Amino acid sequence: PKTWQSPTMSPHCADDVKYEVIERAVAHFSAIAARGETLAGQPIREMITVNGIRIVLEDGTWGLLRASSNKPELVVVVESPVSQENMRAIFAEIDSYLAAQSEVGSYNQKI
């Protein structure tokens, strides 16, 4: 089956704060799920919070956010089995959250 996947995108985030930024992201997105709110217009089907956060939406579209283990960066990857639009929609949600975090800098690349 066809899927739409982003390249690995890495916004700058200093080593001494990147894990704290990820912990806050886990809390933020977990609260959205706990309230039964939607993300990118869809219910959240699953949240995996081992070494970061992987948010899986109802249609299987997912977004991953974690700290890089060897660089002062975060790692963002998104994918959708449905459409490029859904892939971009979940990226927009993650990107919007990261843009509000003062410790997070520019990406090496974006979709």
# chains A, B, ... in the order shown; residues from 1 in each chain; ligands from 1
$ select_by_dssp --residues "region 24-103 of chain A" --states "alpha helix (DSSP H)" --output "ChimeraX atom specification"
/A:24-34,84-99
$ select_by_dssp --residues "chain A" --states "strand (DSSP E or B)" --output "number ranges by chain"
A: 4-5, 9, 11-13, 38-39, 42-48, 53-57, 62-67, 73-80, 104-107
$ residues_around --residues "Leu64 (chain A)" --least-positions-apart "2" --cutoff "6 Å" --atoms "only C-alpha atoms" --output "MDAnalysis selection string"
chainID A and resid 53:54 76:77
$ write_last_selection --atoms "C-alpha atoms" --output "mmCIF file, in the first residue's frame"
data_model
loop_
_atom_site.group_PDB
_atom_site.id
_atom_site.type_symbol
_atom_site.label_atom_id
_atom_site.label_comp_id
_atom_site.auth_asym_id
_atom_site.auth_seq_id
_atom_site.Cartn_x
_atom_site.Cartn_y
_atom_site.Cartn_z
ATOM 1 C CA ILE A 53 6.058 10.274 21.762
ATOM 2 C CA ARG A 54 4.382 8.602 18.819
ATOM 3 C CA VAL A 76 10.325 14.643 13.942
ATOM 4 C CA VAL A 77 8.918 12.111 11.458
#
$ residues_around --residues "region 2-19 of chain A" --least-positions-apart "4" --cutoff "12 Å" --atoms "only C-alpha atoms" --output "PyMOL selection string"
chain A and resi 23-26+51-53+60-91+94-95+98-99+101-111
$ atom_distance --atom1 "CA of Ala92 (chain A)" --atom2 "CA of Gly36 (chain A)"
19.3 Å
$ closest_residue --among "A:Pro1, A:Leu57, A:Ala27, A:Ser96" --to "Gly41 (chain A)" --atoms "only C-alpha atoms"
A:Leu57
$ atom_distance --atom1 "CA of Gln42 (chain A)" --atom2 "CA of Asp59 (chain A)"
7.9 Å
$ atom_distance --atom1 "CA of Ala31 (chain A)" --atom2 "CA of Tyr97 (chain A)"
13.3 Å
